[in-house]
$ cat query.csv   # CSV, C-alpha atoms
chain,number,residue,atom,x,y,z
N,259,GLY,CA,0.0,0.0,0.0
N,260,ARG,CA,0.9,3.7,0.1
N,261,GLN,CA,2.6,3.5,3.4
N,262,GLY,CA,4.8,0.7,2.3
N,263,VAL,CA,5.8,2.5,-0.9
N,264,LEU,CA,6.6,5.7,1.1
N,265,ALA,CA,8.7,3.6,3.6
N,266,LEU,CA,10.5,2.0,0.6
N,267,LEU,CA,11.4,5.4,-0.8
N,268,SER,CA,12.5,6.9,2.6
N,269,LYS,CA,16.1,7.9,2.8
N,270,ASP,CA,16.0,6.4,6.3
N,271,ASN,CA,15.5,2.9,4.8
N,272,PRO,CA,18.9,1.1,5.3
N,273,SER,CA,18.2,-1.1,2.3
N,274,ILE,CA,18.0,1.8,-0.2
N,275,ARG,CA,21.2,3.2,-1.7
N,276,ILE,CA,20.8,6.9,-2.5
N,277,ILE,CA,22.8,7.5,-5.6
N,278,GLU,CA,23.0,10.7,-7.5
N,279,LYS,CA,24.8,9.6,-10.6
N,280,SER,CA,23.9,11.4,-13.8
N,281,GLU,CA,21.5,13.4,-15.8
N,282,ASP,CA,20.0,10.1,-16.9
N,283,ILE,CA,18.6,9.5,-13.4
N,284,ARG,CA,17.1,13.0,-13.3
N,285,HIS,CA,15.6,12.3,-16.7
N,286,PHE,CA,14.3,8.9,-15.5
N,287,TRP,CA,12.4,10.5,-12.6
N,288,GLU,CA,11.0,13.2,-14.8
N,289,HIS,CA,9.7,10.5,-17.1
N,290,GLU,CA,8.2,8.5,-14.2
N,291,LYS,CA,6.6,11.6,-12.7
N,292,ASP,CA,5.1,12.6,-16.1
N,293,VAL,CA,3.8,9.1,-16.8
N,294,ALA,CA,2.2,8.9,-13.3
N,295,PHE,CA,0.5,12.3,-13.9
N,296,TYR,CA,-0.7,11.2,-17.3
N,297,ALA,CA,-2.0,7.8,-16.1
N,298,TYR,CA,-3.8,9.3,-13.2
N,299,ASN,CA,-5.6,11.8,-15.4
N,300,ILE,CA,-6.3,9.4,-18.1
N,301,ALA,CA,-7.9,7.0,-15.5
N,302,LYS,CA,-9.7,9.8,-13.7
N,303,ASN,CA,-11.4,11.1,-16.8
N,304,ASN,CA,-12.6,7.7,-18.0
N,305,PRO,CA,-16.0,6.8,-16.4
N,306,GLU,CA,-15.4,3.1,-17.0
N,307,PHE,CA,-12.2,3.0,-15.0
N,308,ASP,CA,-12.7,1.0,-11.8
N,309,PHE,CA,-9.3,1.1,-10.0
N,310,ASP,CA,-8.2,3.3,-7.1
N,311,LEU,CA,-6.5,6.4,-8.6
N,312,GLU,CA,-3.7,6.3,-6.0
N,313,GLU,CA,-2.9,2.8,-7.1
N,314,VAL,CA,-2.8,4.0,-10.7
N,315,TYR,CA,-0.4,6.8,-9.8
N,316,ILE,CA,1.9,4.5,-7.8
N,317,SER,CA,1.9,1.8,-10.5
N,318,ALA,CA,2.8,4.4,-13.1
N,319,LEU,CA,5.5,5.9,-10.9
N,320,PHE,CA,7.2,2.5,-10.6
N,321,HIS,CA,6.5,1.2,-14.1
N,322,ASP,CA,10.1,1.5,-15.3
N,323,ILE,CA,11.8,0.9,-12.0
N,324,GLU,CA,14.1,-1.7,-13.7
N,325,CYS,CA,15.7,1.1,-15.8
N,326,LEU,CA,16.8,2.8,-12.6
N,327,LEU,CA,18.0,-0.4,-11.2
N,328,LEU,CA,20.2,-1.0,-14.3
N,329,GLU,CA,21.5,2.6,-14.1
N,330,VAL,CA,22.6,2.3,-10.4
N,331,ALA,CA,23.7,-1.3,-10.5
N,332,THR,CA,27.4,-1.7,-9.6
N,333,ASP,CA,29.8,-3.2,-12.1
N,334,GLU,CA,29.9,-6.3,-10.0
N,335,GLN,CA,26.1,-6.7,-10.1
N,336,LYS,CA,26.0,-6.1,-13.9
N,337,GLU,CA,28.7,-8.7,-14.3
N,338,SER,CA,26.8,-11.2,-12.2
N,339,VAL,CA,23.7,-10.8,-14.3
N,340,LYS,CA,25.8,-11.1,-17.5
N,341,LYS,CA,27.3,-14.3,-16.2
N,342,LEU,CA,24.0,-15.8,-15.3
N,343,ALA,CA,22.6,-14.8,-18.7
N,344,ALA,CA,25.6,-16.3,-20.5
N,345,SER,CA,25.1,-19.6,-18.6
N,346,LEU,CA,21.6,-19.7,-20.0
N,347,ASP,CA,22.5,-18.4,-23.5
N,348,PRO,CA,26.2,-18.4,-24.5
N,349,SER,CA,25.4,-16.2,-27.6
N,350,GLY,CA,24.9,-13.2,-25.4
N,351,THR,CA,21.5,-12.5,-26.8
N,352,LEU,CA,19.7,-12.9,-23.5
N,353,TYR,CA,21.8,-10.3,-21.7
N,354,GLU,CA,21.4,-8.0,-24.7
N,355,LEU,CA,17.7,-8.4,-24.7
N,356,PHE,CA,17.6,-7.7,-20.9
N,357,GLN,CA,19.6,-4.5,-21.5
N,358,LYS,CA,17.4,-3.4,-24.3
N,359,ASP,CA,14.2,-3.4,-22.3
N,360,PHE,CA,12.7,-6.8,-23.5
N,361,GLY,CA,13.5,-9.3,-20.7
N,362,HIS,CA,13.5,-7.0,-17.7
N,363,SER,CA,9.9,-6.8,-16.9
N,364,ARG,CA,9.5,-10.4,-15.5
N,365,GLY,CA,12.6,-10.0,-13.4
N,366,CYS,CA,11.4,-6.7,-12.0
N,367,TYR,CA,8.0,-8.2,-11.4
N,368,LYS,CA,9.8,-10.7,-9.1
N,369,LEU,CA,11.7,-7.9,-7.5
N,370,ALA,CA,8.6,-5.9,-6.8
N,371,GLN,CA,7.1,-9.0,-5.2
N,372,LYS,CA,10.2,-9.4,-3.1
N,373,TRP,CA,10.0,-5.8,-2.0
N,374,GLY,CA,6.4,-6.5,-0.9
N,375,LEU,CA,4.7,-4.1,-3.3
N,376,PRO,CA,1.0,-4.8,-3.9
N,377,GLU,CA,0.5,-7.5,-6.5
N,378,THR,CA,-1.4,-5.1,-8.8
N,379,ILE,CA,1.7,-2.8,-8.9
N,380,ALA,CA,4.0,-5.8,-9.5
N,381,GLN,CA,1.7,-6.9,-12.4
N,382,VAL,CA,1.7,-3.5,-13.9
N,383,ILE,CA,5.5,-3.5,-13.9
N,384,ARG,CA,5.4,-6.9,-15.6
N,385,TYR,CA,2.9,-6.1,-18.3
N,386,HIS,CA,3.1,-2.3,-19.0
N,387,ASN,CA,5.1,-2.8,-22.2
N,388,ASN,CA,2.9,-5.7,-23.4
N,389,PRO,CA,-0.7,-4.9,-22.6
N,390,SER,CA,-2.0,-7.6,-25.0
N,391,HIS,CA,-1.0,-10.4,-22.7
N,392,VAL,CA,-2.1,-8.9,-19.4
N,393,PRO,CA,-4.5,-10.8,-17.1
N,394,GLU,CA,-8.1,-9.5,-17.6
N,395,GLU,CA,-8.5,-8.4,-14.0
N,396,ILE,CA,-5.9,-5.7,-14.3
N,397,LYS,CA,-6.1,-4.9,-18.0
N,398,HIS,CA,-7.6,-1.4,-17.5
N,399,ILE,CA,-4.8,-0.2,-15.1
N,400,VAL,CA,-2.1,-1.6,-17.4
N,401,TYR,CA,-3.8,0.2,-20.4
N,402,ALA,CA,-3.7,3.5,-18.5
N,403,VAL,CA,0.0,3.1,-17.6
N,404,TYR,CA,0.8,1.8,-21.1
N,405,LEU,CA,-1.0,4.8,-22.8
N,406,ALA,CA,0.7,7.3,-20.4
N,407,ASP,CA,4.1,5.8,-21.1
N,408,ILE,CA,3.7,5.5,-24.8
N,409,LEU,CA,2.4,9.1,-25.1
N,410,GLN,CA,5.9,10.3,-23.9
N,411,TYR,CA,7.5,8.4,-26.8
N,412,TYR,CA,4.8,9.5,-29.2
N,413,ASP,CA,5.4,13.1,-28.2
N,414,GLN,CA,9.2,12.7,-28.8
N,415,GLY,CA,8.6,11.2,-32.3
N,416,LYS,CA,9.8,7.8,-31.2
N,417,ALA,CA,6.5,6.1,-31.8
N,418,GLU,CA,3.8,6.6,-34.4
N,419,PHE,CA,0.1,6.4,-34.0
N,420,TYR,CA,-0.2,3.2,-36.0
N,421,GLN,CA,2.3,1.5,-33.7
N,422,LEU,CA,0.3,1.9,-30.5
N,423,ASN,CA,-1.7,-0.9,-29.0
N,424,LYS,CA,-5.1,-0.9,-30.6
N,425,GLU,CA,-6.9,-2.6,-27.6
N,426,ALA,CA,-5.6,0.1,-25.2
N,427,LEU,CA,-6.6,2.9,-27.6
N,428,ASP,CA,-10.0,1.4,-28.1
N,429,PHE,CA,-10.6,1.1,-24.3
N,430,PHE,CA,-10.1,4.9,-24.0
N,431,GLY,CA,-12.1,5.6,-27.1
N,432,ILE,CA,-9.1,6.8,-29.1
N,433,HIS,CA,-9.7,6.0,-32.8
N,434,SER,CA,-7.6,8.7,-34.6
N,435,LYS,CA,-4.3,10.5,-34.4
N,436,GLY,CA,-6.2,13.7,-33.9
N,437,GLN,CA,-7.9,12.4,-30.8
N,438,LEU,CA,-4.5,11.2,-29.4
N,439,ASP,CA,-3.0,14.6,-30.2
N,440,PHE,CA,-5.8,16.4,-28.4
N,441,ILE,CA,-5.4,14.2,-25.3
N,442,LEU,CA,-1.6,14.7,-25.3
N,443,LYS,CA,-2.1,18.5,-25.6
N,444,LYS,CA,-4.5,18.5,-22.7
N,445,LEU,CA,-2.2,16.4,-20.5
N,446,LYS,CA,0.8,18.6,-21.3
N,447,ALA,CA,-1.1,21.7,-20.5

$ encode --input "query.csv" --output "structure tokens"
Amino acid sequence: GRQGVLALLSKDNPSIRIIEKSEDIRHFWEHEKDVAFYAYNIAKNNPEFDFDLEEVYISALFHDIECLLLEVATDEQKESVKKLAASLDPSGTLYELFQKDFGHSRGCYKLAQKWGLPETIAQVIRYHNNPSHVPEEIKHIVYAVYLADILQYYDQGKAEFYQLNKEALDFFGIHSKGQLDFILKKLKA
């Protein structure tokens, strides 16, 4: 719940390493904050949405936590993951996929569970990049986080309208590029 997440983020928590490393980390938190704001407002303005808005916000805030973990991992930790991946796949493809944002979600799902985050948040972390395979009971919250996240890439010109998940767009009644542009403009304002 909320108290657990706040305790996790507390600088007084001895299991948290506070690392100020680079501009990338600041950019990471800006992205997380914006995605959380977008997801919250997307969900809030959809009358069919049936999840707690605080849960939406927290899920979106943690949706890419694996990127931060990779950024602050020590060289020793990265080497350990690389060795494990090499033992499973000597070609190096598995580690490369993990680094490139394809294999990380399942591992971070397990990490979220280990941290004791609510299962819904752990599931959002697991499925936010692949909303077509999400369990039915959390589909709407994943759609909100997915759409909020992909809007950032769309706004930067890194994704085109035709590339977006049609099921997620349909859930929010988005059927044209113009509608998506209007939503993005409102969220940015």

$ atom_distance --input "query.csv" --atom1 "atom CA of Ile316 of chain N" --atom2 "atom CA of Ala417 of chain N"
24.5 Å

$ closest_residue --input "query.csv" --among "N:Ala426, N:Cys366, N:Val392, N:Val339" --to "Asp407 of chain N" --atoms "all atoms listed in the file"
N:Ala426

$ residues_near_point --input "query.csv" --point "(-3.3, -3.3, -7.8)" --cutoff "10 Å" --atoms "only C-alpha atoms" --output "PyMOL selection string"
chain N and resi 259+309-310+312-314+316-317+375-382+395-396+399-400

$ closest_residue --input "query.csv" --among "N:Tyr411, N:His289, N:Asn387, N:Asn303" --to "Lys444 of chain N" --atoms "all atoms listed in the file"
N:Asn303

$ closest_residue --input "query.csv" --among "N:Lys446, N:Lys341, N:Lys291, N:His398" --to "Glu306 of chain N" --atoms "all atoms listed in the file"
N:His398

$ residues_around --input "query.csv" --residues "segment 428-431 of chain N" --least-positions-apart "6" --cutoff "10 Å" --atoms "only C-alpha atoms" --output "PyMOL selection string"
chain N and resi 300-301+303-307+397-398+401-402+405+437-438

$ atom_distance --input "query.csv" --atom1 "atom CA of Glu290 of chain N" --atom2 "atom CA of Leu319 of chain N"
5.0 Å

$ closest_residue --input "query.csv" --among "N:Ile432, N:Ala318, N:Ile441, N:Val293" --to "Ile383 of chain N" --atoms "only C-alpha atoms"
N:Ala318

$ atom_distance --input "query.csv" --atom1 "atom CA of Leu342 of chain N" --atom2 "atom CA of His386 of chain N"
25.2 Å
